[in-house]
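A.B. asks: Got a file for you: entry22.json, JSON, C-alpha atoms.
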```
[["chain", "number", "residue", "atom", "x", "y", "z"],
["C", 1, "MET", "CA", -237.71, -178.99, -78.21],
["C", 2, "PRO", "CA", -234.89, -176.54, -77.42],
["C", 3, "PRO", "CA", -234.77, -175.68, -73.73],
["C", 4, "SER", "CA", -235.07, -171.93, -74.24],
["C", 5, "LYS", "CA", -238.39, -172.05, -76.13],
["C", 6, "GLY", "CA", -241.93, -172.65, -74.91],
["C", 7, "ALA", "CA", -243.57, -172.22, -71.52],
["C", 8, "PRO", "CA", -241.98, -174.08, -68.57],
["C", 9, "PHE", "CA", -244.84, -176.58, -68.33],
["C", 10, "GLU", "CA", -244.63, -177.37, -72.03],
["C", 11, "ARG", "CA", -240.92, -177.93, -71.68],
["C", 12, "LEU", "CA", -241.50, -180.19, -68.70],
["C", 13, "VAL", "CA", -244.00, -182.26, -70.69],
["C", 14, "ALA", "CA", -241.55, -182.47, -73.57],
["C", 15, "ALA", "CA", -238.73, -183.65, -71.26],
["C", 16, "ASP", "CA", -236.71, -186.68, -72.25],
["C", 17, "LYS", "CA", -238.96, -189.39, -70.80],
["C", 18, "LEU", "CA", -236.29, -192.05, -71.03],
["C", 19, "VAL", "CA", -234.11, -190.11, -68.57],
["C", 20, "HIS", "CA", -236.89, -188.35, -66.64],
["C", 21, "GLU", "CA", -238.54, -191.52, -65.29],
["C", 22, "PRO", "CA", -237.70, -191.46, -61.51],
["C", 23, "ALA", "CA", -236.06, -194.90, -61.26],
["C", 24, "ARG", "CA", -233.97, -194.45, -64.40],
["C", 25, "PHE", "CA", -233.08, -190.91, -63.36],
["C", 26, "ALA", "CA", -231.89, -192.15, -59.94],
["C", 27, "VAL", "CA", -229.88, -194.96, -61.56],
["C", 28, "LEU", "CA", -228.19, -192.57, -64.01],
["C", 29, "THR", "CA", -227.49, -190.01, -61.27],
["C", 30, "ALA", "CA", -225.90, -192.63, -59.01],
["C", 31, "LEU", "CA", -223.85, -194.05, -61.88],
["C", 32, "SER", "CA", -222.63, -190.58, -62.80],
["C", 33, "ALA", "CA", -220.98, -190.38, -59.34],
["C", 34, "CYS", "CA", -218.99, -193.61, -59.68],
["C", 35, "GLU", "CA", -217.09, -195.76, -62.15],
["C", 36, "SER", "CA", -219.42, -198.75, -61.95],
["C", 37, "ALA", "CA", -222.01, -200.25, -59.64],
["C", 38, "ASP", "CA", -223.54, -203.68, -59.37],
["C", 39, "PHE", "CA", -227.18, -204.71, -59.54],
["C", 40, "VAL", "CA", -227.56, -205.06, -55.75],
["C", 41, "PHE", "CA", -226.41, -201.47, -55.14],
["C", 42, "LEU", "CA", -228.85, -200.06, -57.68],
["C", 43, "GLN", "CA", -231.64, -202.21, -56.25],
["C", 44, "ARG", "CA", -230.97, -200.93, -52.71],
["C", 45, "LEU", "CA", -230.70, -197.37, -53.97],
["C", 46, "THR", "CA", -233.98, -197.39, -55.90],
["C", 47, "GLY", "CA", -235.95, -199.86, -53.77],
["C", 48, "LEU", "CA", -237.20, -201.56, -56.95],
["C", 49, "GLN", "CA", -237.95, -205.25, -57.40],
["C", 50, "PRO", "CA", -235.28, -207.12, -59.42],
["C", 51, "GLY", "CA", -237.53, -207.65, -62.45],
["C", 52, "ASN", "CA", -238.57, -204.02, -62.54],
["C", 53, "LEU", "CA", -234.98, -202.79, -62.24],
["C", 54, "SER", "CA", -233.91, -205.20, -65.00],
["C", 55, "GLN", "CA", -236.49, -203.69, -67.34],
["C", 56, "HIS", "CA", -235.29, -200.15, -66.61],
["C", 57, "LEU", "CA", -231.67, -201.16, -67.10],
["C", 58, "GLY", "CA", -232.59, -202.88, -70.37],
["C", 59, "LYS", "CA", -234.20, -199.68, -71.65],
["C", 60, "LEU", "CA", -231.19, -197.58, -70.67],
["C", 61, "GLU", "CA", -228.82, -200.06, -72.31],
["C", 62, "GLU", "CA", -230.93, -200.09, -75.47],
["C", 63, "ALA", "CA", -230.65, -196.30, -75.63],
["C", 64, "GLY", "CA", -226.87, -196.52, -75.19],
["C", 65, "LEU", "CA", -226.89, -194.62, -71.88],
["C", 66, "ILE", "CA", -225.37, -197.45, -69.84],
["C", 67, "SER", "CA", -223.43, -200.63, -70.50],
["C", 68, "LEU", "CA", -224.12, -203.92, -68.73],
["C", 69, "GLU", "CA", -221.50, -206.51, -68.00],
["C", 70, "LYS", "CA", -222.69, -209.91, -66.82],
["C", 71, "GLY", "CA", -220.32, -212.29, -65.11],
["C", 72, "PHE", "CA", -219.77, -214.48, -62.08],
["C", 73, "LEU", "CA", -218.21, -213.69, -58.72],
["C", 74, "ARG", "CA", -217.44, -216.81, -56.72],
["C", 75, "ARG", "CA", -220.09, -218.82, -58.64],
["C", 76, "TYR", "CA", -222.74, -216.13, -58.07],
["C", 77, "PRO", "CA", -224.03, -214.16, -61.05],
["C", 78, "GLN", "CA", -223.06, -210.52, -60.96],
["C", 79, "THR", "CA", -224.20, -207.67, -63.19],
["C", 80, "THR", "CA", -221.97, -204.62, -63.34],
["C", 81, "VAL", "CA", -223.44, -201.42, -64.71],
["C", 82, "ARG", "CA", -221.46, -198.51, -66.14],
["C", 83, "ILE", "CA", -222.65, -195.18, -67.46],
["C", 84, "THR", "CA", -221.54, -194.32, -70.99],
["C", 85, "GLU", "CA", -220.29, -190.91, -72.07],
["C", 86, "GLY", "CA", -223.65, -190.30, -73.74],
["C", 87, "GLY", "CA", -225.46, -191.27, -70.54],
["C", 88, "ARG", "CA", -223.32, -188.92, -68.48],
["C", 89, "LYS", "CA", -224.05, -186.04, -70.86],
["C", 90, "ALA", "CA", -227.78, -186.86, -70.94],
["C", 91, "VAL", "CA", -228.20, -186.93, -67.16],
["C", 92, "THR", "CA", -226.13, -183.75, -66.65],
["C", 93, "ALA", "CA", -228.11, -181.94, -69.35],
["C", 94, "HIS", "CA", -231.39, -183.11, -67.84],
["C", 95, "TRP", "CA", -230.47, -181.90, -64.35],
["C", 96, "ARG", "CA", -229.49, -178.53, -65.88],
["C", 97, "ARG", "CA", -232.84, -178.29, -67.67],
["C", 98, "LEU", "CA", -234.72, -179.07, -64.44],
["C", 99, "ASP", "CA", -232.61, -176.51, -62.59],
["C", 100, "ALA", "CA", -233.39, -173.84, -65.18],
["C", 101, "LEU", "CA", -237.11, -174.66, -65.02],
["C", 102, "LYS", "CA", -237.11, -174.51, -61.23],
["C", 103, "GLN", "CA", -235.35, -171.15, -61.20],
["C", 104, "GLU", "CA", -237.72, -169.78, -63.85],
["C", 105, "VAL", "CA", -240.82, -170.88, -61.93],
["C", 106, "GLN", "CA", -239.43, -169.49, -58.67],
["C", 107, "SER", "CA", -238.83, -166.12, -60.31],
["C", 108, "TRP", "CA", -242.47, -165.75, -61.35],
["C", 109, "PRO", "CA", -244.40, -162.94, -59.66],
["C", 110, "ARG", "CA", -246.93, -164.15, -57.12],
["C", 111, "SER", "CA", -249.86, -162.63, -59.05],
["C", 112, "ARG", "CA", -249.39, -165.26, -61.79],
["C", 113, "GLY", "CA", -249.83, -168.01, -59.26],
["C", 114, "VAL", "CA", -253.01, -166.37, -57.99],
["C", 115, "HIS", "CA", -254.25, -166.07, -61.58],
["C", 116, "LEU", "CA", -253.61, -169.78, -62.18],
["C", 117, "ARG", "CA", -255.35, -170.77, -58.98],
["C", 118, "ALA", "CA", -258.36, -168.65, -59.92],
["C", 119, "ARG", "CA", -258.84, -170.75, -63.05],
["C", 120, "LEU", "CA", -259.15, -173.98, -61.12],
["C", 121, "PRO", "CA", -262.71, -175.19, -60.46],
["C", 122, "THR", "CA", -263.86, -174.30, -56.95],
["C", 123, "PRO", "CA", -264.97, -177.21, -54.77],
["C", 124, "ASP", "CA", -268.71, -177.63, -54.29],
["C", 125, "ARG", "CA", -269.50, -176.62, -50.70],
["C", 126, "SER", "CA", -273.28, -176.50, -51.06],
["C", 127, "SER", "CA", -273.64, -179.85, -49.26],
["C", 128, "ASP", "CA", -271.84, -178.54, -46.10],
["R", 1, "MET", "CA", -225.49, -179.94, -60.33],
["R", 2, "ASN", "CA", -229.05, -179.71, -59.07],
["R", 3, "SER", "CA", -229.54, -179.89, -55.32],
["R", 4, "ALA", "CA", -232.08, -182.69, -55.80],
["R", 5, "ALA", "CA", -229.37, -184.88, -57.35],
["R", 6, "GLU", "CA", -227.10, -184.37, -54.36],
["R", 7, "PRO", "CA", -228.69, -186.93, -51.97],
["R", 8, "ILE", "CA", -228.20, -189.74, -54.52],
["R", 9, "ARG", "CA", -224.67, -188.67, -55.37],
["R", 10, "GLN", "CA", -223.88, -188.12, -51.68],
["R", 11, "LEU", "CA", -225.07, -191.60, -50.75],
["R", 12, "THR", "CA", -222.98, -193.08, -53.57],
["R", 13, "ARG", "CA", -219.92, -191.13, -52.39],
["R", 14, "ALA", "CA", -220.56, -192.01, -48.72],
["R", 15, "TYR", "CA", -220.84, -195.68, -49.60],
["R", 16, "ILE", "CA", -217.61, -195.54, -51.58],
["R", 17, "GLY", "CA", -216.00, -193.78, -48.59],
["R", 18, "ALA", "CA", -217.32, -196.39, -46.18],
["R", 19, "ARG", "CA", -216.02, -199.25, -48.32],
["R", 20, "VAL", "CA", -212.64, -197.67, -49.04],
["R", 21, "HIS", "CA", -211.87, -196.06, -45.67],
["R", 22, "GLN", "CA", -213.42, -198.65, -43.37],
["R", 23, "GLY", "CA", -210.90, -200.94, -44.98],
["R", 24, "LEU", "CA", -207.48, -201.83, -43.70],
["R", 25, "LEU", "CA", -206.16, -198.25, -43.35],
["R", 26, "PHE", "CA", -208.88, -197.31, -40.86],
["R", 27, "TRP", "CA", -208.30, -200.44, -38.81],
["R", 28, "PHE", "CA", -204.52, -200.00, -38.86],
["R", 29, "VAL", "CA", -204.63, -196.41, -37.60],
["R", 30, "LEU", "CA", -207.22, -197.37, -35.00],
["R", 31, "LEU", "CA", -205.07, -200.29, -33.94],
["R", 32, "HIS", "CA", -201.99, -198.07, -33.68],
["R", 33, "ASN", "CA", -203.82, -195.66, -31.36],
["R", 34, "VAL", "CA", -205.34, -198.45, -29.26],
["R", 35, "ASN", "CA", -201.95, -200.19, -28.96],
["R", 36, "ALA", "CA", -200.30, -196.93, -27.91],
["R", 37, "MET", "CA", -202.93, -196.56, -25.19],
["R", 38, "LEU", "CA", -202.26, -199.98, -23.71],
["R", 39, "TYR", "CA", -199.29, -201.16, -21.73],
["R", 40, "PRO", "CA", -196.79, -203.09, -23.86],
["R", 41, "ASN", "CA", -198.27, -206.55, -24.09],
["R", 42, "PRO", "CA", -197.20, -208.44, -27.25],
["R", 43, "ARG", "CA", -199.88, -211.11, -26.90],
["R", 44, "LEU", "CA", -202.67, -208.56, -26.52],
["R", 45, "ARG", "CA", -201.32, -206.61, -29.51],
["R", 46, "MET", "CA", -201.28, -209.76, -31.64],
["R", 47, "TRP", "CA", -204.88, -210.55, -30.76],
["R", 48, "LEU", "CA", -205.92, -206.97, -31.42],
["R", 49, "SER", "CA", -204.21, -207.03, -34.84],
["R", 50, "LEU", "CA", -205.97, -210.27, -35.74],
["R", 51, "GLY", "CA", -209.24, -208.80, -34.51],
["R", 52, "ALA", "CA", -208.76, -205.70, -36.66],
["R", 53, "ILE", "CA", -208.10, -207.75, -39.82],
["R", 54, "LEU", "CA", -211.12, -209.94, -39.06],
["R", 55, "ALA", "CA", -213.33, -206.89, -38.40],
["R", 56, "ALA", "CA", -212.23, -205.25, -41.69],
["R", 57, "ALA", "CA", -212.98, -208.44, -43.65],
["R", 58, "THR", "CA", -216.35, -208.97, -41.90],
["R", 59, "LEU", "CA", -217.50, -205.40, -42.41],
["R", 60, "GLY", "CA", -216.38, -205.41, -46.05],
["R", 61, "SER", "CA", -218.28, -208.65, -46.71],
["R", 62, "PHE", "CA", -221.36, -207.34, -44.90],
["R", 63, "TYR", "CA", -221.39, -204.17, -47.00],
["R", 64, "GLN", "CA", -220.98, -206.12, -50.23],
["R", 65, "TRP", "CA", -223.73, -208.57, -49.31],
["R", 66, "ARG", "CA", -226.15, -205.92, -48.04],
["R", 67, "PHE", "CA", -225.58, -202.95, -50.33],
["R", 68, "GLY", "CA", -223.65, -204.28, -53.31],
["R", 69, "ARG", "CA", -220.46, -203.12, -54.95],
["R", 70, "VAL", "CA", -219.49, -199.68, -56.22],
["R", 71, "GLU", "CA", -216.20, -198.69, -57.77],
["R", 72, "PRO", "CA", -214.96, -195.11, -57.34],
["R", 73, "ARG", "CA", -214.51, -193.00, -60.46],
["R", 74, "LYS", "CA", -211.22, -193.57, -62.21],
["R", 75, "ARG", "CA", -209.25, -190.50, -63.11],
["R", 76, "SER", "CA", -207.43, -190.12, -66.40],
["R", 77, "LEU", "CA", -203.82, -191.26, -66.57],
["R", 78, "GLY", "CA", -202.56, -187.67, -66.60],
["R", 79, "ARG", "CA", -204.53, -186.76, -63.48],
["R", 80, "GLN", "CA", -203.43, -189.96, -61.77],
["R", 81, "ALA", "CA", -199.80, -189.11, -62.49],
["R", 82, "ALA", "CA", -200.31, -185.54, -61.25],
["R", 83, "ARG", "CA", -201.95, -186.78, -58.04],
["R", 84, "ALA", "CA", -199.19, -189.33, -57.47],
["R", 85, "THR", "CA", -196.54, -186.62, -57.93],
["R", 86, "VAL", "CA", -198.30, -184.25, -55.51],
["R", 87, "PHE", "CA", -198.74, -187.08, -53.01],
["R", 88, "ALA", "CA", -195.05, -188.06, -53.23],
["R", 89, "LEU", "CA", -193.96, -184.44, -52.77],
["R", 90, "LEU", "CA", -196.33, -184.03, -49.84],
["R", 91, "LEU", "CA", -194.99, -187.20, -48.26],
["R", 92, "VAL", "CA", -191.39, -185.96, -48.53],
["R", 93, "VAL", "CA", -192.37, -182.60, -47.03],
["R", 94, "VAL", "CA", -194.27, -184.28, -44.18],
["R", 95, "VAL", "CA", -191.38, -186.62, -43.35],
["R", 96, "MET", "CA", -188.84, -183.78, -43.43],
["R", 97, "ALA", "CA", -191.10, -181.53, -41.33],
["R", 98, "SER", "CA", -191.69, -184.32, -38.82],
["R", 99, "VAL", "CA", -187.97, -184.95, -38.45],
["R", 100, "ALA", "CA", -187.27, -181.21, -38.10],
["R", 101, "ILE", "CA", -190.05, -180.68, -35.53],
["R", 102, "THR", "CA", -189.09, -183.68, -33.42],
["R", 103, "GLU", "CA", -185.43, -182.62, -33.42],
["R", 104, "GLU", "CA", -186.50, -179.21, -32.21],
["R", 105, "VAL", "CA", -189.10, -180.05, -29.59],
["R", 106, "GLY", "CA", -188.81, -183.78, -28.88],
["R", 107, "GLY", "CA", -190.79, -186.92, -29.68],
["R", 108, "THR", "CA", -190.28, -189.27, -32.63],
["R", 109, "PRO", "CA", -191.05, -188.59, -36.34],
["R", 110, "THR", "CA", -193.03, -191.83, -36.74],
["R", 111, "ASP", "CA", -195.40, -190.75, -33.96],
["R", 112, "LEU", "CA", -196.11, -187.51, -35.81],
["R", 113, "ILE", "CA", -196.66, -189.34, -39.11],
["R", 114, "TRP", "CA", -199.08, -191.78, -37.42],
["R", 115, "ALA", "CA", -200.93, -188.84, -35.86],
["R", 116, "LEU", "CA", -201.23, -187.18, -39.27],
["R", 117, "LEU", "CA", -202.41, -190.41, -40.90],
["R", 118, "SER", "CA", -205.02, -190.88, -38.17],
["R", 119, "THR", "CA", -206.27, -187.31, -38.65],
["R", 120, "VAL", "CA", -206.50, -187.66, -42.43],
["R", 121, "THR", "CA", -208.36, -190.98, -42.11],
["R", 122, "ALA", "CA", -210.88, -189.61, -39.60],
["R", 123, "ALA", "CA", -211.40, -186.43, -41.64],
["R", 124, "SER", "CA", -211.93, -188.36, -44.89],
["R", 125, "LEU", "CA", -214.55, -190.53, -43.15],
["R", 126, "ALA", "CA", -216.38, -187.38, -42.07],
["R", 127, "PHE", "CA", -216.05, -185.72, -45.50],
["R", 128, "SER", "CA", -217.47, -188.85, -47.19],
["R", 129, "ARG", "CA", -220.65, -188.17, -45.25],
["R", 130, "GLY", "CA", -220.81, -184.72, -46.83],
["R", 131, "ASP", "CA", -220.25, -183.05, -43.48],
["R", 132, "ARG", "CA", -218.58, -179.69, -44.09],
["R", 133, "LEU", "CA", -217.57, -179.39, -40.44],
["R", 134, "GLY", "CA", -216.32, -182.95, -40.41],
["R", 135, "TRP", "CA", -212.73, -181.83, -39.86],
["R", 136, "VAL", "CA", -213.49, -180.30, -36.44],
["R", 137, "VAL", "CA", -213.52, -183.49, -34.33],
["R", 138, "PRO", "CA", -210.45, -185.06, -36.04],
["R", 139, "LEU", "CA", -208.58, -181.75, -35.77],
["R", 140, "LEU", "CA", -209.34, -181.39, -32.07],
["R", 141, "ALA", "CA", -208.32, -185.00, -31.46],
["R", 142, "SER", "CA", -205.10, -184.57, -33.44],
["R", 143, "LEU", "CA", -204.25, -181.34, -31.61],
["R", 144, "GLY", "CA", -204.75, -183.15, -28.30],
["R", 145, "LEU", "CA", -202.54, -185.98, -29.47],
["R", 146, "LEU", "CA", -199.85, -183.66, -30.86],
["R", 147, "VAL", "CA", -199.66, -181.72, -27.60],
["R", 148, "THR", "CA", -199.10, -184.92, -25.61],
["R", 149, "LEU", "CA", -196.52, -186.14, -28.15],
["R", 150, "VAL", "CA", -194.49, -182.94, -28.44],
["R", 151, "VAL", "CA", -194.70, -181.05, -25.15],
["R", 152, "PRO", "CA", -192.21, -182.76, -22.78],
["R", 153, "SER", "CA", -194.18, -182.05, -19.61],
["R", 154, "LEU", "CA", -197.31, -183.65, -21.14],
["R", 155, "GLN", "CA", -195.61, -186.73, -22.62],
["R", 156, "PRO", "CA", -196.56, -188.95, -19.63],
["R", 157, "PHE", "CA", -200.19, -188.36, -20.68],
["R", 158, "ARG", "CA", -199.78, -189.46, -24.30],
["R", 159, "GLN", "CA", -202.11, -192.41, -23.67],
["R", 160, "PHE", "CA", -204.93, -189.90, -23.27],
["R", 161, "GLY", "CA", -204.01, -188.29, -26.60],
["R", 162, "HIS", "CA", -204.13, -191.68, -28.33],
["R", 163, "ALA", "CA", -207.41, -192.49, -26.57],
["R", 164, "GLY", "CA", -208.90, -189.24, -27.88],
["R", 165, "MET", "CA", -207.77, -190.02, -31.42],
["R", 166, "ALA", "CA", -209.11, -193.58, -31.22],
["R", 167, "ALA", "CA", -212.43, -192.19, -29.99],
["R", 168, "ALA", "CA", -212.53, -189.66, -32.86],
["R", 169, "LEU", "CA", -211.86, -192.46, -35.38],
["R", 170, "ILE", "CA", -214.57, -194.68, -33.91],
["R", 171, "VAL", "CA", -217.11, -191.84, -33.72],
["R", 172, "THR", "CA", -216.57, -190.74, -37.35],
["R", 173, "ALA", "CA", -216.66, -194.36, -38.61],
["R", 174, "VAL", "CA", -219.88, -195.12, -36.71],
["R", 175, "GLN", "CA", -221.44, -191.88, -37.97],
["R", 176, "LEU", "CA", -220.58, -192.79, -41.57],
["R", 177, "HIS", "CA", -221.92, -196.32, -41.10],
["R", 178, "LEU", "CA", -225.22, -195.05, -39.65],
["R", 179, "PHE", "CA", -225.50, -192.43, -42.39],
["R", 180, "VAL", "CA", -225.12, -195.07, -45.11],
["R", 181, "VAL", "CA", -227.50, -197.56, -43.47],
["R", 182, "ARG", "CA", -230.21, -194.93, -42.80],
["R", 183, "ARG", "CA", -229.97, -193.42, -46.28],
["R", 184, "PHE", "CA", -230.28, -196.85, -47.90],
["R", 185, "ARG", "CA", -233.22, -197.69, -45.64],
["R", 186, "HIS", "CA", -235.13, -194.62, -46.80],
["R", 187, "ALA", "CA", -233.98, -194.76, -50.42],
["R", 188, "ALA", "CA", -236.82, -195.44, -52.82],
["R", 189, "VAL", "CA", -238.09, -193.84, -56.00]]
```
How would this structure read if it were set down as C-alpha cells?

C.D. replies:
Amino acid sequence: MPPSKGAPFERLVAADKLVHEPARFAVLTALSACESADFVFLQRLTGLQPGNLSQHLGKLEEAGLISLEKGFLRRYPQTTVRITEGGRKAVTAHWRRLDALKQEVQSWPRSRGVHLRARLPTPDRSSD
Amino acid sequence: MNSAAEPIRQLTRAYIGARVHQGLLFWFVLLHNVNAMLYPNPRLRMWLSLGAILAAATLGSFYQWRFGRVEPRKRSLGRQAARATVFALLLVVVVMASVAITEEVGGTPTDLIWALLSTVTAASLAFSRGDRLGWVVPLLASLGLLVTLVVPSLQPFRQFGHAGMAAALIVTAVQLHLFVVRRFRHAAV
C-alpha cells in the first residue's frame, strides 16, 4: 500500500512485516550504521538466543536484505553479517514511514482521541 | 532518521569508537602525558610502555570476546581520497602553526602537536558516546596544558598540565566504556 493512502492504523497493519519485526528491525538498524558486524555483536545487541537470531538472519538473507559470510577466526567459527543496498533502502524507508505515522498521529486534535476512547467498552464496576 | 533508531545506531557508533579509539592511539597519547608528568626514569617509561601495549591488547580482546566485532562504514574511494587530502593539508598547517607559535612564544613544536593529538583523541572518545558537550572537558584540559607549555612563567608547572590531560583522557575513556557496557546490558528487543 502506498504510504500516503489509508488511515494511519491501516498503514501500520500493512507495514512490511519482514522489516517491522522488532529483532529484525534492530538488526537492520544496527547494520545500517556500520560496514559489517559479527553474530556475537548482533546477539548482544538484540538479547536473542543464538537459534532465534539465526532464524531471523536466515529470513533477512532470504529476502536479500543482508548477506552472511561464514568463516573461521583462529579455529573458531565466525559469521559476518553485512547489509545490502536493498536492505539499507528498506530500513531507511521503514523508519521514514514510522516517522510520518508518528507525526500524523501527534497532529490529531484531542477530540478524536476522546471519541476513540468513548467507543471502547467500559469496565464493569457493578461488583465493586 | 527516526529518534527511536538513534539508540541502536548510537550504541553501534559508540562501540566502534571504543574499539578504534581505545586502541593504540589512546594508549600512546595517555602514555605521553603520563611520562611527561613523571621524572625522567627510562626503566619506568619502558615498563609503562609495555603496560600500555598490554592494556590495549587485553581491552581489545575483552571487547571482541564480550561484544563481538563491528567494522566501521567504509567510505567510497573518492571520499577517502578527499579526506586524506584534507587531513594532509591540516597536518601541514598544524605543523607550520606549531613551529611559528613556538618560535614566537617558546616551547617545542612536538609538545604542541602531542597536546593537539591528546585533545582530538579525548574529544573523539566523548563524541563517540553521542555527547554534544563532549568537547568541553578535553578543551579545558588542553587549554590548561597549552598554558603551561607556552607561558614561560608557568613552564615549571607543565607536569600539572600533563596530569590534567591524562585525567581528561582517562575520564572520557571510562565514560565511553561504561556507556557501552550499560547500553549492551539493557539492550533487548

A.B. asks: Find the residues of chain R that sit at most 9 Å from chain C; for each, write down the nearest two atoms and how far apart they are in Å, to one decimal. Count all atoms listed in the file. Sort by chain, then by number going up, and give it as a Markdown table.

C.D. replies:
```
| residue | atom | partner | partner_atom | distance |
| --- | --- | --- | --- | --- |
| R:Met1 | CA | C:Trp95 | CA | 6.7 |
| R:Asn2 | CA | C:Trp95 | CA | 5.9 |
| R:Ser3 | CA | C:Asp99 | CA | 8.6 |
| R:Ala4 | CA | C:Trp95 | CA | 8.7 |
| R:Ala5 | CA | C:Thr29 | CA | 6.7 |
| R:Glu6 | CA | C:Thr29 | CA | 8.9 |
| R:Ile8 | CA | C:Ala30 | CA | 5.8 |
| R:Arg9 | CA | C:Ala30 | CA | 5.5 |
| R:Gln10 | CA | C:Ala33 | CA | 8.5 |
| R:Leu11 | CA | C:Ala30 | CA | 8.4 |
| R:Thr12 | CA | C:Ala30 | CA | 6.2 |
| R:Arg13 | CA | C:Ala33 | CA | 7.1 |
| R:Ile16 | CA | C:Cys34 | CA | 8.4 |
| R:Gln64 | CA | C:Val40 | CA | 8.7 |
| R:Trp65 | CA | C:Val40 | CA | 8.3 |
| R:Arg66 | CA | C:Val40 | CA | 7.9 |
| R:Phe67 | CA | C:Phe41 | CA | 5.1 |
| R:Gly68 | CA | C:Phe41 | CA | 4.3 |
| R:Arg69 | CA | C:Asp38 | CA | 5.4 |
| R:Val70 | CA | C:Ala37 | CA | 4.3 |
| R:Glu71 | CA | C:Ser36 | CA | 5.3 |
| R:Pro72 | CA | C:Cys34 | CA | 4.9 |
| R:Arg73 | CA | C:Glu35 | CA | 4.1 |
| R:Lys74 | CA | C:Glu35 | CA | 6.3 |
| R:Arg183 | CA | C:Leu45 | CA | 8.7 |
| R:Phe184 | CA | C:Leu45 | CA | 6.1 |
| R:Arg185 | CA | C:Arg44 | CA | 8.1 |
| R:His186 | CA | C:Gly47 | CA | 8.8 |
| R:Ala187 | CA | C:Leu45 | CA | 5.5 |
| R:Ala188 | CA | C:Gly47 | CA | 4.6 |
| R:Val189 | CA | C:Thr46 | CA | 5.4 |
```

A.B. asks: Using 8 Å of padding on each side, determine the axis-aligned box around all atoms of stretch 75-92 of chain R present in the file and give its centre and edge lengths in Å to one decimal, as AutoDock Vina command-line options.

C.D. replies:
```
--center_x -200.3 --center_y -187.6 --center_z -57.4 --size_x 33.9 --size_y 23.2 --size_z 34.3
```

A.B. asks: Considering all atoms listed in the file, return as a PyMOL selection string whatever protein or nucleic-acid residues lie within 12 Å of R:Met46, sequence-local ones (same chain, fewer than 5 positions apart) excluded.

C.D. replies: chain R and resi 31-32+35+40-41+51-53

A.B. asks: Can you pull out every residue within 10 Å of R:Thr110, counting only C-alpha atoms, but drop anything in the same chain fewer than 3 positions away, and send it as a ChimeraX atom specification?

C.D. replies: /R:95,98-99,102,107,113-116

A.B. asks: Any chance you can output those residues with C-alpha atoms as a PDB file, keeping the file's coordinate frame?

C.D. replies:
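Result saved to selection-v5.pdb:
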```
ATOM      1  CA  VAL R  95    -191.380-186.620 -43.350  1.00  0.00           C
ATOM      2  CA  SER R  98    -191.690-184.320 -38.820  1.00  0.00           C
ATOM      3  CA  VAL R  99    -187.970-184.950 -38.450  1.00  0.00           C
ATOM      4  CA  THR R 102    -189.090-183.680 -33.420  1.00  0.00           C
ATOM      5  CA  GLY R 107    -190.790-186.920 -29.680  1.00  0.00           C
ATOM      6  CA  ILE R 113    -196.660-189.340 -39.110  1.00  0.00           C
ATOM      7  CA  TRP R 114    -199.080-191.780 -37.420  1.00  0.00           C
ATOM      8  CA  ALA R 115    -200.930-188.840 -35.860  1.00  0.00           C
ATOM      9  CA  LEU R 116    -201.230-187.180 -39.270  1.00  0.00           C
TER      10      LEU R 116
END
```

A.B. asks: What is the atom CA of R:Phe28 to atom CA of R:Trp47 distance in Å?

C.D. replies: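 Computing it gives 13.3 Å between the two atoms.
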
A.B. asks: What's around R:Leu125 at 10 Å? Count only C-alpha atoms, leave out sequence neighbours fewer than 4 positions away in its own chain, and write the answer as a PDB file with C-alpha atoms, keeping the file's coordinate frame.

C.D. replies:
```
ATOM      1  CA  ALA R  14    -220.560-192.010 -48.720  1.00  0.00           C
ATOM      2  CA  GLY R  17    -216.000-193.780 -48.590  1.00  0.00           C
ATOM      3  CA  ALA R  18    -217.320-196.390 -46.180  1.00  0.00           C
ATOM      4  CA  VAL R  20    -212.640-197.670 -49.040  1.00  0.00           C
ATOM      5  CA  HIS R  21    -211.870-196.060 -45.670  1.00  0.00           C
ATOM      6  CA  GLN R  22    -213.420-198.650 -43.370  1.00  0.00           C
ATOM      7  CA  PHE R  26    -208.880-197.310 -40.860  1.00  0.00           C
ATOM      8  CA  THR R 119    -206.270-187.310 -38.650  1.00  0.00           C
ATOM      9  CA  VAL R 120    -206.500-187.660 -42.430  1.00  0.00           C
ATOM     10  CA  THR R 121    -208.360-190.980 -42.110  1.00  0.00           C
ATOM     11  CA  ARG R 129    -220.650-188.170 -45.250  1.00  0.00           C
ATOM     12  CA  GLY R 130    -220.810-184.720 -46.830  1.00  0.00           C
ATOM     13  CA  ASP R 131    -220.250-183.050 -43.480  1.00  0.00           C
ATOM     14  CA  GLY R 134    -216.320-182.950 -40.410  1.00  0.00           C
ATOM     15  CA  TRP R 135    -212.730-181.830 -39.860  1.00  0.00           C
ATOM     16  CA  PRO R 138    -210.450-185.060 -36.040  1.00  0.00           C
ATOM     17  CA  LEU R 169    -211.860-192.460 -35.380  1.00  0.00           C
ATOM     18  CA  VAL R 171    -217.110-191.840 -33.720  1.00  0.00           C
ATOM     19  CA  THR R 172    -216.570-190.740 -37.350  1.00  0.00           C
ATOM     20  CA  ALA R 173    -216.660-194.360 -38.610  1.00  0.00           C
ATOM     21  CA  VAL R 174    -219.880-195.120 -36.710  1.00  0.00           C
ATOM     22  CA  GLN R 175    -221.440-191.880 -37.970  1.00  0.00           C
ATOM     23  CA  LEU R 176    -220.580-192.790 -41.570  1.00  0.00           C
ATOM     24  CA  HIS R 177    -221.920-196.320 -41.100  1.00  0.00           C
TER      25      HIS R 177
END
```

A.B. asks: Counting only C-alpha atoms, note down every residue that has an atom within 9 Å of the point (-194.7, -183.1, -31.3) (file coordinates), as a PyMOL selection string.

C.D. replies: chain R and resi 98+101-102+105-109+111-112+145-152

A.B. asks: Would you save the residues from that selection as a compact mmCIF listing (two decimals), in the frame of the given file, using C-alpha atoms?

C.D. replies:
```
# COMPACT_ATOMS: atom_id res chain seq x y z
CA SER R 98 -191.69 -184.32 -38.82
CA ILE R 101 -190.05 -180.68 -35.53
CA THR R 102 -189.09 -183.68 -33.42
CA VAL R 105 -189.10 -180.05 -29.59
CA GLY R 106 -188.81 -183.78 -28.88
CA GLY R 107 -190.79 -186.92 -29.68
CA THR R 108 -190.28 -189.27 -32.63
CA PRO R 109 -191.05 -188.59 -36.34
CA ASP R 111 -195.40 -190.75 -33.96
CA LEU R 112 -196.11 -187.51 -35.81
CA LEU R 145 -202.54 -185.98 -29.47
CA LEU R 146 -199.85 -183.66 -30.86
CA VAL R 147 -199.66 -181.72 -27.60
CA THR R 148 -199.10 -184.92 -25.61
CA LEU R 149 -196.52 -186.14 -28.15
CA VAL R 150 -194.49 -182.94 -28.44
CA VAL R 151 -194.70 -181.05 -25.15
CA PRO R 152 -192.21 -182.76 -22.78
```
